[in-house]
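All remarks here apply to the structure that follows.
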Amino acid sequence: MTRLIKEIRSMSPRREQIVNKASTIFWKKGYSGASMRDIAKACKCKPSNIYNFFHSKEELLFEFLYTQNLRLLEQIRCLDENHAAKPSEQLRELIHIHIRHVLNYQKTSRSLFDSGLERLSRSNREKVIRLRDEYDRILAGIIQRGVEAQEFSETNPGMAARHIASMITRTIIWYSPKGQLSMNDVADYIYHFAVGGLQRRK
């Protein structure tokens, strides 16, 4: 069992429920407008019960952002460990995983992923950034292997990784499950768009 799985599973069901309710309140009222009383009401308990698990509103926000990044990393870690697969296939898989992860939390994540980091203390912000850096490293590694396998053109893997990640995360803003495109359609479009820029010209 990896360290990531251990960290994810260490969260108790009640603690996870409070985090999920809090993220919904943050989305509806904004982080500044939400109170611990609002969160307690959503959890059908007294504010003192929330403080048994979390010392502050900022700790709740950190837990949400940190856990979501952990869960994404756990899903893509296998791509970093398997260097036998074609990089282009790994890129497609990573994009599909990330799209599902982002859009399944679309409403509650919309404001939190964009502005949540600035609400965190320096220490907590650095912990979340370290997870994002790990994601960037895995994606850049796939692109680098694609260059070495001559599937992709010579490029800056880190820069390419950050651009692809940005395309994925910004779908939070405009995607609608009631629209014509499914999550798979969106993931396929981003994949083909990215590969179009990365592939070697014959």
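The way I read the labels, and the way they are meant: chains A, B, ... in the order of the structure tokens, residue 1 as the first residue of every chain, and ligand 1 as the first ligand shown, with later ones counted on from there.
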
Can you tell me which residues surround Ala161 in chain A at a distance of at most 7 Å, considering only C-alpha atoms, apart from same-chain residues fewer than 6 positions away, and format the answer as number ranges by chain?
A: 136, 139-140

Which neighbours of Pro87 in chain A fall inside 12 Å, counting only C-alpha atoms, when residues of the same chain fewer than 2 positions from it are skipped, and could you give them as a ChimeraX atom specification?
/A:79-80,82-85,89-94,138-152,195,198-199

Mind writing the picked residues with C-alpha atoms as a PDB file, in the first residue's frame?
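Listed below is the output, again.pdb:
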ATOM      1  CA  LEU A  79       1.678   5.883 -15.249  1.00  0.00           C
ATOM      2  CA  ASP A  80       4.902   7.050 -13.638  1.00  0.00           C
ATOM      3  CA  ASN A  82       5.104   1.856 -16.120  1.00  0.00           C
ATOM      4  CA  HIS A  83       7.612   2.970 -18.733  1.00  0.00           C
ATOM      5  CA  ALA A  84       6.791   0.107 -21.127  1.00  0.00           C
ATOM      6  CA  ALA A  85       3.535   1.631 -22.396  1.00  0.00           C
ATOM      7  CA  GLU A  89      -1.373   6.150 -24.693  1.00  0.00           C
ATOM      8  CA  GLN A  90      -0.284   7.198 -21.206  1.00  0.00           C
ATOM      9  CA  LEU A  91      -0.993  10.829 -22.072  1.00  0.00           C
ATOM     10  CA  ARG A  92      -4.503   9.914 -23.187  1.00  0.00           C
ATOM     11  CA  GLU A  93      -5.116   7.944 -19.974  1.00  0.00           C
ATOM     12  CA  LEU A  94      -3.837  10.754 -17.755  1.00  0.00           C
ATOM     13  CA  ILE A 138       4.578  12.741 -13.785  1.00  0.00           C
ATOM     14  CA  LEU A 139       2.995  14.457 -16.785  1.00  0.00           C
ATOM     15  CA  ALA A 140       6.299  15.991 -17.880  1.00  0.00           C
ATOM     16  CA  GLY A 141       7.904  12.561 -17.568  1.00  0.00           C
ATOM     17  CA  ILE A 142       5.360  11.082 -19.971  1.00  0.00           C
ATOM     18  CA  ILE A 143       6.063  13.854 -22.454  1.00  0.00           C
ATOM     19  CA  GLN A 144       9.832  13.432 -22.083  1.00  0.00           C
ATOM     20  CA  ARG A 145       9.525   9.695 -22.758  1.00  0.00           C
ATOM     21  CA  GLY A 146       7.445  10.535 -25.826  1.00  0.00           C
ATOM     22  CA  VAL A 147      10.248  12.766 -27.082  1.00  0.00           C
ATOM     23  CA  GLU A 148      12.828  10.043 -26.449  1.00  0.00           C
ATOM     24  CA  ALA A 149      10.641   7.474 -28.236  1.00  0.00           C
ATOM     25  CA  GLN A 150      10.280   9.945 -31.127  1.00  0.00           C
ATOM     26  CA  GLU A 151       6.504  10.020 -30.730  1.00  0.00           C
ATOM     27  CA  PHE A 152       6.689  13.711 -29.829  1.00  0.00           C
ATOM     28  CA  VAL A 195      -0.927  15.579 -29.320  1.00  0.00           C
ATOM     29  CA  LEU A 198       3.478  17.505 -29.525  1.00  0.00           C
ATOM     30  CA  GLN A 199       3.666  15.012 -32.396  1.00  0.00           C
TER      31      GLN A 199
END

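Separating CA of Arg125 in chain A from CA of Phe62 in chain A is a distance of 7.9 Å.
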
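For the set A:Lys28, A:Lys46, A:Arg130, A:Arg15, the residue with the smallest atom-to-atom gap to Glu63 in chain A is A:Arg15, counting only C-alpha atoms.
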
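Going from CA of Glu58 in chain A over to CA of Ala22 in chain A, you cover 10.6 Å.
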
Could you tell me how far CA of Leu131 in chain A lies from CA of Asn69 in chain A, in Å and to one decimal?
6.3 Å

Each range 82-178 of chain A residue no farther than 10 Å from range 187-190 of chain A, nearest pair in Å, only C-alpha atoms, as JSON lines:
{"residue": "A:Arg92", "atom": "CA", "partner": "A:Asp188", "partner_atom": "CA", "distance": 7.6}
{"residue": "A:Glu93", "atom": "CA", "partner": "A:Ala187", "partner_atom": "CA", "distance": 9.2}
{"residue": "A:Leu94", "atom": "CA", "partner": "A:Ala187", "partner_atom": "CA", "distance": 9.4}
{"residue": "A:Ile95", "atom": "CA", "partner": "A:Ala187", "partner_atom": "CA", "distance": 6.0}
{"residue": "A:His96", "atom": "CA", "partner": "A:Ala187", "partner_atom": "CA", "distance": 5.2}
{"residue": "A:Ile97", "atom": "CA", "partner": "A:Ala187", "partner_atom": "CA", "distance": 8.7}
{"residue": "A:His98", "atom": "CA", "partner": "A:Ala187", "partner_atom": "CA", "distance": 8.6}
{"residue": "A:Ile99", "atom": "CA", "partner": "A:Ala187", "partner_atom": "CA", "distance": 6.1}
{"residue": "A:Arg100", "atom": "CA", "partner": "A:Ala187", "partner_atom": "CA", "distance": 8.5}
{"residue": "A:Ile164", "atom": "CA", "partner": "A:Ile190", "partner_atom": "CA", "distance": 7.8}
{"residue": "A:Ala165", "atom": "CA", "partner": "A:Ile190", "partner_atom": "CA", "distance": 10.0}
{"residue": "A:Met167", "atom": "CA", "partner": "A:Ile190", "partner_atom": "CA", "distance": 7.3}
{"residue": "A:Ile168", "atom": "CA", "partner": "A:Ile190", "partner_atom": "CA", "distance": 7.5}
{"residue": "A:Thr171", "atom": "CA", "partner": "A:Ala187", "partner_atom": "CA", "distance": 9.9}

Non-local contacts of Leu61 in chain A (8 Å; only C-alpha atoms; under 3 positions in same chain excluded) as a count of residues only:
9

Backbone DSSP call of alpha helix (DSSP H) for range 38-146 of chain A, listed as a VMD selection string:
chain A and resid 38 to 42 47 to 51 57 to 81 87 to 104 106 to 115 122 to 146

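Minimum atom-to-atom distance to Glu74 in chain A, evaluated using only C-alpha atoms, belongs to A:His101 out of A:His101, A:Gly179, A:Ile18, A:Ile39.
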
Residue with smallest distance to Ala194 in chain A - pool A:Ile173, A:Ala160, A:Ile76, A:Leu181, counting only C-alpha atoms:
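Ranked by minimum distance to Ala194 in chain A, first place goes to A:Ala160.
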